[in-house]
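Visitor: So here's coords.tsv (TSV, N, CA and C atoms).
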chain	number	residue	atom	x	y	z
R	1	MET	N	99.74	106.80	119.88
R	1	MET	CA	101.12	106.55	119.53
R	1	MET	C	102.02	107.34	120.47
R	2	LYS	N	103.15	106.76	120.81
R	2	LYS	CA	104.04	107.36	121.80
R	2	LYS	C	105.18	108.15	121.17
R	3	ASN	N	105.07	108.57	119.93
R	3	ASN	CA	106.14	109.28	119.24
R	3	ASN	C	107.39	108.42	119.15
R	4	ASP	N	107.21	107.14	119.02
R	4	ASP	CA	108.29	106.17	119.02
R	4	ASP	C	108.55	105.71	117.59
R	5	LEU	N	109.79	105.89	117.11
R	5	LEU	CA	110.14	105.53	115.75
R	5	LEU	C	109.90	104.05	115.48
R	6	SER	N	110.17	103.19	116.44
R	6	SER	CA	109.97	101.75	116.22
R	6	SER	C	108.50	101.44	115.94
R	7	GLU	N	107.59	102.13	116.62
R	7	GLU	CA	106.16	101.92	116.37
R	7	GLU	C	105.76	102.44	114.99
R	8	VAL	N	106.30	103.58	114.59
R	8	VAL	CA	106.00	104.15	113.28
R	8	VAL	C	106.50	103.23	112.17
R	9	LEU	N	107.69	102.66	112.35
R	9	LEU	CA	108.24	101.77	111.33
R	9	LEU	C	107.37	100.54	111.11
R	10	LYS	N	106.65	100.10	112.13
R	10	LYS	CA	105.75	98.96	111.98
R	10	LYS	C	104.56	99.31	111.09
R	11	LEU	N	104.14	100.57	111.12
R	11	LEU	CA	102.95	101.00	110.39
R	11	LEU	C	103.27	101.58	109.01
R	12	ALA	N	104.42	102.20	108.89
R	12	ALA	CA	104.74	102.97	107.69
R	12	ALA	C	104.81	102.09	106.45
R	13	ARG	N	104.25	102.61	105.38
R	13	ARG	CA	104.28	101.94	104.09
R	13	ARG	C	105.24	102.63	103.13
R	14	PHE	N	105.70	103.83	103.52
R	14	PHE	CA	106.52	104.63	102.62
R	14	PHE	C	107.30	105.64	103.45
R	15	LYS	N	108.49	105.96	102.98
R	15	LYS	CA	109.26	107.02	103.64
R	15	LYS	C	109.89	107.91	102.58
R	16	LEU	N	110.03	109.18	102.95
R	16	LEU	CA	110.61	110.17	102.05
R	16	LEU	C	111.59	111.02	102.84
R	17	GLU	N	112.81	111.13	102.33
R	17	GLU	CA	113.82	111.96	102.97
R	17	GLU	C	113.64	113.40	102.51
R	18	ILE	N	113.73	114.32	103.46
R	18	ILE	CA	113.54	115.75	103.19
R	18	ILE	C	114.71	116.51	103.80
R	19	LYS	N	115.30	117.39	103.04
R	19	LYS	CA	116.40	118.23	103.53
R	19	LYS	C	115.81	119.60	103.84
R	20	VAL	N	116.04	120.09	105.04
R	20	VAL	CA	115.55	121.42	105.42
R	20	VAL	C	116.37	122.47	104.66
R	21	LYS	N	115.64	123.40	104.03
R	21	LYS	CA	116.26	124.44	103.20
R	21	LYS	C	116.11	125.80	103.88
R	22	PRO	N	116.92	126.78	103.46
R	22	PRO	CA	116.83	128.12	104.07
R	22	PRO	C	115.43	128.72	104.02
R	23	GLU	N	114.70	128.48	102.94
R	23	GLU	CA	113.36	129.06	102.81
R	23	GLU	C	112.33	128.40	103.74
R	24	ASP	N	112.70	127.29	104.37
R	24	ASP	CA	111.81	126.61	105.32
R	24	ASP	C	111.85	127.23	106.72
R	25	ILE	N	112.85	128.06	106.96
R	25	ILE	CA	113.12	128.59	108.29
R	25	ILE	C	112.35	129.89	108.52
R	26	ASP	N	111.78	130.02	109.71
R	26	ASP	CA	111.03	131.24	110.05
R	26	ASP	C	111.86	132.15	110.95
R	27	GLU	N	111.23	133.21	111.44
R	27	GLU	CA	111.94	134.20	112.26
R	27	GLU	C	112.40	133.64	113.61
R	28	LEU	N	111.89	132.48	113.99
R	28	LEU	CA	112.32	131.85	115.24
R	28	LEU	C	113.54	130.95	115.03
R	29	GLY	N	113.96	130.81	113.78
R	29	GLY	CA	115.15	130.02	113.48
R	29	GLY	C	114.91	128.54	113.28
R	30	HIS	N	113.65	128.14	113.20
R	30	HIS	CA	113.36	126.73	112.93
R	30	HIS	C	112.34	126.61	111.81
R	31	VAL	N	112.06	125.38	111.39
R	31	VAL	CA	111.13	125.15	110.30
R	31	VAL	C	109.76	125.69	110.69
R	32	ASN	N	109.19	126.49	109.79
R	32	ASN	CA	107.88	127.09	110.01
R	32	ASN	C	106.80	126.01	110.00
R	33	ASN	N	105.79	126.17	110.82
R	33	ASN	CA	104.70	125.19	110.90
R	33	ASN	C	104.02	124.96	109.55
R	34	VAL	N	103.89	126.00	108.76
R	34	VAL	CA	103.23	125.87	107.45
R	34	VAL	C	104.04	124.95	106.53
R	35	VAL	N	105.35	124.94	106.70
R	35	VAL	CA	106.21	124.07	105.89
R	35	VAL	C	105.86	122.61	106.14
R	36	TYR	N	105.57	122.27	107.39
R	36	TYR	CA	105.20	120.89	107.68
R	36	TYR	C	103.95	120.47	106.90
R	37	LEU	N	103.00	121.37	106.77
R	37	LEU	CA	101.80	121.05	105.99
R	37	LEU	C	102.18	120.77	104.54
R	38	GLY	N	103.08	121.58	104.00
R	38	GLY	CA	103.56	121.33	102.64
R	38	GLY	C	104.25	119.98	102.53
R	39	TRP	N	105.01	119.63	103.57
R	39	TRP	CA	105.66	118.32	103.56
R	39	TRP	C	104.65	117.18	103.64
R	40	VAL	N	103.57	117.38	104.40
R	40	VAL	CA	102.51	116.37	104.46
R	40	VAL	C	101.97	116.11	103.05
R	41	GLN	N	101.69	117.19	102.34
R	41	GLN	CA	101.20	117.07	100.97
R	41	GLN	C	102.24	116.38	100.08
R	42	LEU	N	103.50	116.77	100.23
R	42	LEU	CA	104.58	116.20	99.42
R	42	LEU	C	104.71	114.70	99.65
R	43	VAL	N	104.73	114.29	100.90
R	43	VAL	CA	104.87	112.86	101.22
R	43	VAL	C	103.67	112.08	100.68
R	44	ALA	N	102.46	112.59	100.89
R	44	ALA	CA	101.26	111.90	100.41
R	44	ALA	C	101.25	111.79	98.88
R	45	ALA	N	101.55	112.89	98.21
R	45	ALA	CA	101.53	112.90	96.74
R	45	ALA	C	102.63	112.00	96.16
R	46	THR	N	103.79	112.03	96.77
R	46	THR	CA	104.89	111.19	96.29
R	46	THR	C	104.56	109.71	96.48
R	47	HIS	N	103.96	109.39	97.62
R	47	HIS	CA	103.56	108.00	97.87
R	47	HIS	C	102.51	107.56	96.85
R	48	TRP	N	101.49	108.37	96.63
R	48	TRP	CA	100.43	108.03	95.67
R	48	TRP	C	101.02	107.85	94.28
R	49	LYS	N	101.92	108.74	93.88
R	49	LYS	CA	102.53	108.64	92.55
R	49	LYS	C	103.35	107.35	92.43
R	50	ARG	N	104.04	106.98	93.49
R	50	ARG	CA	104.84	105.76	93.47
R	50	ARG	C	103.95	104.52	93.37
R	51	LEU	N	102.80	104.54	94.05
R	51	LEU	CA	101.91	103.38	94.08
R	51	LEU	C	101.07	103.22	92.82
R	52	SER	N	100.67	104.34	92.24
R	52	SER	CA	99.68	104.31	91.16
R	52	SER	C	100.34	104.40	89.79
R	53	THR	N	99.52	104.17	88.78
R	53	THR	CA	99.98	104.27	87.39
R	53	THR	C	99.42	105.54	86.77
R	54	ASP	N	99.94	105.90	85.61
R	54	ASP	CA	99.40	107.05	84.89
R	54	ASP	C	97.91	106.85	84.60
R	55	GLY	N	97.53	105.62	84.28
R	55	GLY	CA	96.13	105.32	83.99
R	55	GLY	C	95.23	105.55	85.19
R	56	ILE	N	95.66	105.12	86.35
R	56	ILE	CA	94.87	105.33	87.57
R	56	ILE	C	94.80	106.82	87.90
R	57	ARG	N	95.95	107.51	87.80
R	57	ARG	CA	95.96	108.94	88.11
R	57	ARG	C	95.14	109.75	87.12
R	58	SER	N	94.93	109.24	85.92
R	58	SER	CA	94.08	109.96	84.96
R	58	SER	C	92.59	109.79	85.29
R	59	LYS	N	92.25	108.77	86.09
R	59	LYS	CA	90.85	108.51	86.47
R	59	LYS	C	90.47	109.09	87.82
R	60	TYR	N	91.45	109.25	88.71
R	60	TYR	CA	91.15	109.64	90.09
R	60	TYR	C	92.03	110.79	90.56
R	61	LEU	N	91.48	111.59	91.47
R	61	LEU	CA	92.21	112.66	92.15
R	61	LEU	C	91.90	112.56	93.64
R	62	TRP	N	92.84	113.03	94.46
R	62	TRP	CA	92.61	113.11	95.90
R	62	TRP	C	92.52	114.56	96.32
R	63	VAL	N	91.59	114.88	97.21
R	63	VAL	CA	91.53	116.20	97.83
R	63	VAL	C	91.52	116.03	99.34
R	64	ALA	N	92.21	116.93	100.00
R	64	ALA	CA	92.25	116.90	101.47
R	64	ALA	C	90.99	117.54	102.01
R	65	LEU	N	90.38	116.88	102.97
R	65	LEU	CA	89.19	117.41	103.64
R	65	LEU	C	89.54	118.04	104.98
R	66	ARG	N	90.56	117.48	105.65
R	66	ARG	CA	90.91	117.97	106.98
R	66	ARG	C	92.33	117.52	107.31
R	67	HIS	N	93.11	118.45	107.86
R	67	HIS	CA	94.44	118.14	108.37
R	67	HIS	C	94.46	118.38	109.87
R	68	GLU	N	95.07	117.47	110.60
R	68	GLU	CA	95.36	117.67	112.02
R	68	GLU	C	96.87	117.50	112.16
R	69	ILE	N	97.55	118.49	112.74
R	69	ILE	CA	99.00	118.41	112.89
R	69	ILE	C	99.39	118.74	114.33
R	70	ASP	N	100.23	117.90	114.87
R	70	ASP	CA	100.84	118.15	116.18
R	70	ASP	C	102.31	118.44	115.95
R	71	TYR	N	102.75	119.59	116.45
R	71	TYR	CA	104.15	119.99	116.35
R	71	TYR	C	104.81	119.63	117.66
R	72	LEU	N	105.78	118.73	117.62
R	72	LEU	CA	106.35	118.18	118.84
R	72	LEU	C	107.75	118.67	119.15
R	73	ASN	N	108.57	118.83	118.14
R	73	ASN	CA	109.95	119.28	118.32
R	73	ASN	C	110.36	120.11	117.12
R	74	PRO	N	111.22	121.10	117.31
R	74	PRO	CA	111.64	121.93	116.18
R	74	PRO	C	112.64	121.21	115.28
R	75	SER	N	112.70	121.68	114.06
R	75	SER	CA	113.68	121.21	113.09
R	75	SER	C	114.41	122.43	112.57
R	76	TYR	N	115.69	122.25	112.23
R	76	TYR	CA	116.54	123.38	111.89
R	76	TYR	C	117.20	123.21	110.52
R	77	LEU	N	117.73	124.30	110.03
R	77	LEU	CA	118.42	124.31	108.74
R	77	LEU	C	119.49	123.21	108.71
R	78	GLY	N	119.46	122.46	107.62
R	78	GLY	CA	120.44	121.39	107.45
R	78	GLY	C	120.01	120.05	108.02
R	79	ASP	N	118.95	120.04	108.83
R	79	ASP	CA	118.48	118.76	109.37
R	79	ASP	C	118.02	117.85	108.24
R	80	GLU	N	118.24	116.58	108.43
R	80	GLU	CA	117.69	115.59	107.52
R	80	GLU	C	116.45	115.00	108.19
R	81	VAL	N	115.34	115.22	107.56
R	81	VAL	CA	114.05	114.81	108.09
R	81	VAL	C	113.53	113.67	107.24
R	82	ILE	N	112.93	112.70	107.89
R	82	ILE	CA	112.29	111.61	107.15
R	82	ILE	C	110.80	111.62	107.47
R	83	GLY	N	109.99	111.64	106.41
R	83	GLY	CA	108.55	111.55	106.56
R	83	GLY	C	108.10	110.12	106.29
R	84	TYR	N	107.36	109.57	107.22
R	84	TYR	CA	106.81	108.22	107.09
R	84	TYR	C	105.30	108.33	106.93
R	85	THR	N	104.71	107.51	106.06
R	85	THR	CA	103.27	107.60	105.86
R	85	THR	C	102.63	106.23	105.71
R	86	TRP	N	101.36	106.19	106.07
R	86	TRP	CA	100.53	105.02	105.88
R	86	TRP	C	99.07	105.45	105.91
R	87	VAL	N	98.23	104.62	105.32
R	87	VAL	CA	96.78	104.84	105.33
R	87	VAL	C	96.20	103.88	106.36
R	88	SER	N	95.45	104.44	107.32
R	88	SER	CA	94.93	103.61	108.40
R	88	SER	C	93.50	103.14	108.18
R	89	SER	N	92.75	103.86	107.34
R	89	SER	CA	91.37	103.42	107.12
R	89	SER	C	90.85	103.94	105.79
R	90	VAL	N	89.88	103.20	105.28
R	90	VAL	CA	89.19	103.56	104.04
R	90	VAL	C	87.71	103.33	104.29
R	91	ASP	N	86.89	104.33	103.95
R	91	ASP	CA	85.45	104.22	104.16
R	91	ASP	C	84.74	105.02	103.08
R	92	GLY	N	84.04	104.33	102.20
R	92	GLY	CA	83.34	105.01	101.12
R	92	GLY	C	84.33	105.69	100.19
R	93	ALA	N	84.24	107.01	100.08
R	93	ALA	CA	85.15	107.78	99.23
R	93	ALA	C	86.31	108.37	100.04
R	94	LYS	N	86.33	108.10	101.34
R	94	LYS	CA	87.31	108.76	102.21
R	94	LYS	C	88.37	107.79	102.72
R	95	SER	N	89.54	108.35	102.98
R	95	SER	CA	90.61	107.59	103.62
R	95	SER	C	91.29	108.50	104.63
R	96	VAL	N	91.96	107.85	105.58
R	96	VAL	CA	92.73	108.57	106.59
R	96	VAL	C	94.19	108.20	106.40
R	97	ARG	N	95.02	109.23	106.18
R	97	ARG	CA	96.46	109.03	105.99
R	97	ARG	C	97.20	109.71	107.13
R	98	HIS	N	98.21	109.02	107.63
R	98	HIS	CA	99.08	109.54	108.67
R	98	HIS	C	100.44	109.85	108.07
R	99	VAL	N	101.03	110.94	108.50
R	99	VAL	CA	102.41	111.27	108.14
R	99	VAL	C	103.10	111.71	109.42
R	100	GLU	N	104.24	111.10	109.70
R	100	GLU	CA	105.02	111.50	110.86
R	100	GLU	C	106.43	111.82	110.41
R	101	PHE	N	106.97	112.89	110.97
R	101	PHE	CA	108.31	113.36	110.60
R	101	PHE	C	109.27	113.12	111.75
R	102	PHE	N	110.42	112.56	111.41
R	102	PHE	CA	111.46	112.28	112.39
R	102	PHE	C	112.79	112.84	111.92
R	103	SER	N	113.61	113.22	112.88
R	103	SER	CA	115.01	113.51	112.66
R	103	SER	C	115.75	112.58	113.60
R	104	GLY	N	116.37	111.57	113.04
R	104	GLY	CA	116.93	110.50	113.88
R	104	GLY	C	115.80	109.80	114.60
R	105	GLU	N	115.91	109.66	115.91
R	105	GLU	CA	114.87	109.01	116.72
R	105	GLU	C	113.83	109.99	117.24
R	106	LYS	N	114.05	111.28	116.98
R	106	LYS	CA	113.19	112.32	117.55
R	106	LYS	C	112.01	112.61	116.62
R	107	CYS	N	110.80	112.47	117.15
R	107	CYS	CA	109.60	112.80	116.39
R	107	CYS	C	109.41	114.32	116.39
R	108	LEU	N	109.32	114.88	115.19
R	108	LEU	CA	109.17	116.32	115.04
R	108	LEU	C	107.71	116.73	114.95
R	109	SER	N	106.95	115.95	114.20
R	109	SER	CA	105.56	116.33	113.94
R	109	SER	C	104.77	115.10	113.51
R	110	LYS	N	103.48	115.12	113.85
R	110	LYS	CA	102.56	114.06	113.47
R	110	LYS	C	101.35	114.69	112.80
R	111	ALA	N	100.94	114.14	111.68
R	111	ALA	CA	99.77	114.67	110.97
R	111	ALA	C	98.82	113.53	110.62
R	112	LYS	N	97.55	113.87	110.64
R	112	LYS	CA	96.50	112.94	110.20
R	112	LYS	C	95.62	113.73	109.24
R	113	THR	N	95.43	113.18	108.04
R	113	THR	CA	94.65	113.88	107.02
R	113	THR	C	93.51	113.00	106.55
R	114	ASN	N	92.32	113.58	106.48
R	114	ASN	CA	91.18	112.92	105.86
R	114	ASN	C	91.17	113.33	104.39
R	115	TRP	N	91.23	112.34	103.52
R	115	TRP	CA	91.25	112.57	102.08
R	115	TRP	C	89.97	112.05	101.45
R	116	CYS	N	89.60	112.62	100.31
R	116	CYS	CA	88.44	112.16	99.55
R	116	CYS	C	88.90	111.86	98.13
R	117	LEU	N	88.53	110.70	97.63
R	117	LEU	CA	88.83	110.31	96.26
R	117	LEU	C	87.77	110.92	95.34
R	118	LEU	N	88.24	111.55	94.26
R	118	LEU	CA	87.33	112.15	93.28
R	118	LEU	C	87.50	111.47	91.93
R	119	ASP	N	86.41	111.41	91.19
R	119	ASP	CA	86.46	111.03	89.79
R	119	ASP	C	87.11	112.20	89.06
R	120	ALA	N	88.16	111.96	88.30
R	120	ALA	CA	88.91	113.04	87.66
R	120	ALA	C	88.10	113.77	86.59
R	121	THR	N	87.10	113.13	86.03
R	121	THR	CA	86.28	113.76	84.99
R	121	THR	C	85.17	114.61	85.58
R	122	THR	N	84.42	114.03	86.53
R	122	THR	CA	83.26	114.73	87.08
R	122	THR	C	83.61	115.59	88.30
R	123	LEU	N	84.77	115.30	88.91
R	123	LEU	CA	85.20	115.94	90.17
R	123	LEU	C	84.23	115.68	91.32
R	124	LYS	N	83.51	114.58	91.23
R	124	LYS	CA	82.60	114.17	92.30
R	124	LYS	C	83.25	113.04	93.09
R	125	PRO	N	82.88	112.93	94.37
R	125	PRO	CA	83.44	111.85	95.18
R	125	PRO	C	83.19	110.49	94.53
R	126	LYS	N	84.20	109.64	94.67
R	126	LYS	CA	84.15	108.30	94.07
R	126	LYS	C	84.46	107.29	95.16
R	127	ARG	N	83.58	106.31	95.33
R	127	ARG	CA	83.82	105.25	96.31
R	127	ARG	C	85.15	104.59	96.00
R	128	ILE	N	85.92	104.33	97.05
R	128	ILE	CA	87.23	103.70	96.88
R	128	ILE	C	87.02	102.22	96.66
R	129	GLY	N	87.35	101.78	95.45
R	129	GLY	CA	87.16	100.38	95.08
R	129	GLY	C	88.33	99.51	95.50
R	130	GLU	N	88.17	98.22	95.27
R	130	GLU	CA	89.22	97.26	95.64
R	130	GLU	C	90.53	97.58	94.94
R	131	ASP	N	90.48	98.10	93.70
R	131	ASP	CA	91.71	98.42	92.98
R	131	ASP	C	92.55	99.47	93.72
R	132	ILE	N	91.88	100.43	94.33
R	132	ILE	CA	92.59	101.47	95.08
R	132	ILE	C	92.95	100.99	96.48
R	133	LYS	N	92.06	100.24	97.11
R	133	LYS	CA	92.35	99.70	98.46
R	133	LYS	C	93.62	98.86	98.43
R	134	ILE	N	93.76	98.02	97.41
R	134	ILE	CA	94.95	97.17	97.29
R	134	ILE	C	96.20	98.04	97.18
R	135	ILE	N	96.13	99.08	96.38
R	135	ILE	CA	97.27	99.99	96.20
R	135	ILE	C	97.64	100.64	97.54
R	136	LEU	N	96.67	101.12	98.27
R	136	LEU	CA	96.94	101.85	99.51
R	136	LEU	C	97.50	100.94	100.61
R	137	GLU	N	97.24	99.67	100.51
R	137	GLU	CA	97.73	98.72	101.52
R	137	GLU	C	99.13	98.22	101.21
R	138	THR	N	99.67	98.60	100.05
R	138	THR	CA	101.00	98.14	99.64
R	138	THR	C	102.07	98.83	100.45
Using structure tokens, write down the structure from this file.
Guide:
Amino acid sequence: MKNDLSEVLKLARFKLEIKVKPEDIDELGHVNNVVYLGWVQLVAATHWKRLSTDGIRSKYLWVALRHEIDYLNPSYLGDEVIGYTWVSSVDGAKSVRHVEFFSGEKCLSKAKTNWCLLDATTLKPKRIGEDIKIILET
């Protein structure tokens, strides 16, 4: 991907607006890298909550197995950031979710997370069935 908003908009299934707050800023005067990881979690969880029902969420949980984040441009206090997300693949109990953050046309950060679906009762990996695949493709 070329850090191009038009390309991200073709892939994105969900977007979330984020306002940079004073507590997000580090000693360098911009959003701390750890904050972006929190935003990745926030965008993913908000998307899942929007797509799923209480019944589905009572049966399944997601856990992150691996995060990869590229920090491309700084973000500052007061910036309006938009996080875009989509799921690019599903295999067995695992899925790959992308989250990219933009301020206007400028790409701030790109993340790719490997997630694992768990049975909420046993906490064991659960193969992603058609019911979940359909939800993730929405």
Visitor: Restricting the calculation to only N, CA and C atoms, which member of R:Ile25, R:Ala64, R:Ala93, R:Val8 is positioned closest to Leu77 (chain R)?
Guide: R:Ile25
Visitor: Select from chain R everything DSSP, run on the backbone, classes as strand (DSSP E), then give the selection as a ChimeraX atom specification.
Guide: /R:14-19,60-71,80-91,94-103,106-119
Visitor: Enter the distance from atom N of Ser88 (chain R) to atom C of Asn73 (chain R), in Å, rounded to one decimal.
Guide: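 So the two atoms, atom N of Ser88 (chain R) and atom C of Asn73 (chain R), lie 23.7 Å apart.
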Visitor: Using only N, CA and C atoms, which residue out of R:Leu61, R:Leu37, R:Val43, R:Asp131 lies closest to Thr85 (chain R)?
Guide: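 Using only N, CA and C atoms, Thr85 (chain R) sits closest to R:Val43.
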Visitor: Quote the spacing between atom C of Glu17 (chain R) and atom C of Glu100 (chain R) in Å to one decimal place.
Guide: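 Atom-to-atom, atom C of Glu17 (chain R) and atom C of Glu100 (chain R) are spaced 10.8 Å apart.
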Visitor: Please identify every residue of region 27-90 of chain R that has at least one atom no farther than 7 Å from an atom of region 102-109 of chain R, counting all atoms listed in the file, and for each give the shortest atom pair and the distance in Å to one decimal, arranged by chain then increasing number, as a tab-separated table.
Guide:
residue	atom	partner	partner_atom	distance
R:Ile69	C	R:Ser109	C	6.5
R:Asp70	C	R:Ser109	CA	4.4
R:Tyr71	CA	R:Ser109	CA	4.6
R:Leu72	N	R:Leu108	C	3.9
R:Asn73	N	R:Leu108	C	3.9
R:Pro74	N	R:Leu108	CA	5.7
R:Ser75	N	R:Leu108	CA	6.5
R:Asp79	C	R:Ser103	CA	6.9
R:Glu80	C	R:Ser103	CA	4.9
R:Val81	CA	R:Phe102	C	4.5
R:Ile82	N	R:Phe102	C	4.0
R:Gly83	N	R:Phe102	N	5.1
R:Tyr84	N	R:Phe102	N	6.0
Visitor: Store the residues of this selection in a file with N, CA and C atoms, as a short mmCIF file (atom, residue, chain, number, x, y, z; two decimals), in the frame of the given file.
Guide:
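So the final result, stored in selection06.cif, reads:
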data_model
loop_
_atom_site.label_atom_id
_atom_site.label_comp_id
_atom_site.auth_asym_id
_atom_site.auth_seq_id
_atom_site.Cartn_x
_atom_site.Cartn_y
_atom_site.Cartn_z
N ILE R 69 97.55 118.49 112.74
CA ILE R 69 99.00 118.41 112.89
C ILE R 69 99.39 118.74 114.33
N ASP R 70 100.23 117.90 114.87
CA ASP R 70 100.84 118.15 116.18
C ASP R 70 102.31 118.44 115.95
N TYR R 71 102.75 119.59 116.45
CA TYR R 71 104.15 119.99 116.35
C TYR R 71 104.81 119.63 117.66
N LEU R 72 105.78 118.73 117.62
CA LEU R 72 106.35 118.18 118.84
C LEU R 72 107.75 118.67 119.15
N ASN R 73 108.57 118.83 118.14
CA ASN R 73 109.95 119.28 118.32
C ASN R 73 110.36 120.11 117.12
N PRO R 74 111.22 121.10 117.31
CA PRO R 74 111.64 121.93 116.18
C PRO R 74 112.64 121.21 115.28
N SER R 75 112.70 121.68 114.06
CA SER R 75 113.68 121.21 113.09
C SER R 75 114.41 122.43 112.57
N ASP R 79 118.95 120.04 108.83
CA ASP R 79 118.48 118.76 109.37
C ASP R 79 118.02 117.85 108.24
N GLU R 80 118.24 116.58 108.43
CA GLU R 80 117.69 115.59 107.52
C GLU R 80 116.45 115.00 108.19
N VAL R 81 115.34 115.22 107.56
CA VAL R 81 114.05 114.81 108.09
C VAL R 81 113.53 113.67 107.24
N ILE R 82 112.93 112.70 107.89
CA ILE R 82 112.29 111.61 107.15
C ILE R 82 110.80 111.62 107.47
N GLY R 83 109.99 111.64 106.41
CA GLY R 83 108.55 111.55 106.56
C GLY R 83 108.10 110.12 106.29
N TYR R 84 107.36 109.57 107.22
CA TYR R 84 106.81 108.22 107.09
C TYR R 84 105.30 108.33 106.93
#
Visitor: Can you check which parts of region 7-98 of chain R lie within 6.5 Å of region 115-120 of chain R? Per residue, the shortest pair of atoms and distance in Å to one decimal, counting only N, CA and C atoms, sorted by chain and number, as a Markdown table.
Guide:
| residue | atom | partner | partner_atom | distance |
| --- | --- | --- | --- | --- |
| R:Ser58 | C | R:Ala120 | CA | 5.5 |
| R:Lys59 | C | R:Ala120 | N | 3.7 |
| R:Tyr60 | CA | R:Ala120 | N | 4.2 |
| R:Leu61 | C | R:Leu118 | N | 3.8 |
| R:Trp62 | CA | R:Cys116 | C | 4.5 |
| R:Val63 | C | R:Cys116 | N | 4.0 |
| R:Ala64 | CA | R:Trp115 | CA | 4.5 |
| R:Leu65 | N | R:Trp115 | CA | 4.5 |
| R:Arg66 | N | R:Trp115 | N | 5.6 |
| R:Ala93 | C | R:Leu117 | N | 4.0 |
| R:Lys94 | CA | R:Trp115 | C | 4.3 |
| R:Ser95 | C | R:Trp115 | N | 4.0 |
| R:Val96 | N | R:Trp115 | N | 5.0 |
| R:Arg97 | N | R:Trp115 | N | 5.6 |
Visitor: With 6 Å of padding per side, what axis-aligned box (centre and edge lengths, Å, one decimal) covers all the listed atoms of region 78-96 of chain R? Give it as lines of an AutoDock Vina configuration file.
Guide:
center_x = 101.9
center_y = 112.8
center_z = 104.3
size_x = 49.1
size_y = 31.3
size_z = 22.1
Visitor: Generate the coordinates of N, CA, C and O atoms for region 75-87 of chain R; report them as a compact mmCIF listing (two decimals), in the frame of the given file.
Guide:
# COMPACT_ATOMS: atom_id res chain seq x y z
N SER R 75 112.70 121.68 114.06
CA SER R 75 113.68 121.21 113.09
C SER R 75 114.41 122.43 112.57
O SER R 75 113.83 123.51 112.45
N TYR R 76 115.69 122.25 112.23
CA TYR R 76 116.54 123.38 111.89
C TYR R 76 117.20 123.21 110.52
O TYR R 76 117.23 122.10 109.96
N LEU R 77 117.73 124.30 110.03
CA LEU R 77 118.42 124.31 108.74
C LEU R 77 119.49 123.21 108.71
O LEU R 77 120.26 123.06 109.65
N GLY R 78 119.46 122.46 107.62
CA GLY R 78 120.44 121.39 107.45
C GLY R 78 120.01 120.05 108.02
O GLY R 78 120.65 119.04 107.73
N ASP R 79 118.95 120.04 108.83
CA ASP R 79 118.48 118.76 109.37
C ASP R 79 118.02 117.85 108.24
O ASP R 79 117.47 118.31 107.24
N GLU R 80 118.24 116.58 108.43
CA GLU R 80 117.69 115.59 107.52
C GLU R 80 116.45 115.00 108.19
O GLU R 80 116.55 114.40 109.26
N VAL R 81 115.34 115.22 107.56
CA VAL R 81 114.05 114.81 108.09
C VAL R 81 113.53 113.67 107.24
O VAL R 81 113.68 113.67 106.02
N ILE R 82 112.93 112.70 107.89
CA ILE R 82 112.29 111.61 107.15
C ILE R 82 110.80 111.62 107.47
O ILE R 82 110.41 111.63 108.64
N GLY R 83 109.99 111.64 106.41
CA GLY R 83 108.55 111.55 106.56
C GLY R 83 108.10 110.12 106.29
O GLY R 83 108.48 109.53 105.27
N TYR R 84 107.36 109.57 107.22
CA TYR R 84 106.81 108.22 107.09
C TYR R 84 105.30 108.33 106.93
O TYR R 84 104.67 109.16 107.60
N THR R 85 104.71 107.51 106.06
CA THR R 85 103.27 107.60 105.86
C THR R 85 102.63 106.23 105.71
O THR R 85 103.27 105.27 105.28
N TRP R 86 101.36 106.19 106.07
CA TRP R 86 100.53 105.02 105.88
C TRP R 86 99.07 105.45 105.91
O TRP R 86 98.73 106.50 106.43
N VAL R 87 98.23 104.62 105.32
CA VAL R 87 96.78 104.84 105.33
C VAL R 87 96.20 103.88 106.36
O VAL R 87 96.44 102.67 106.30
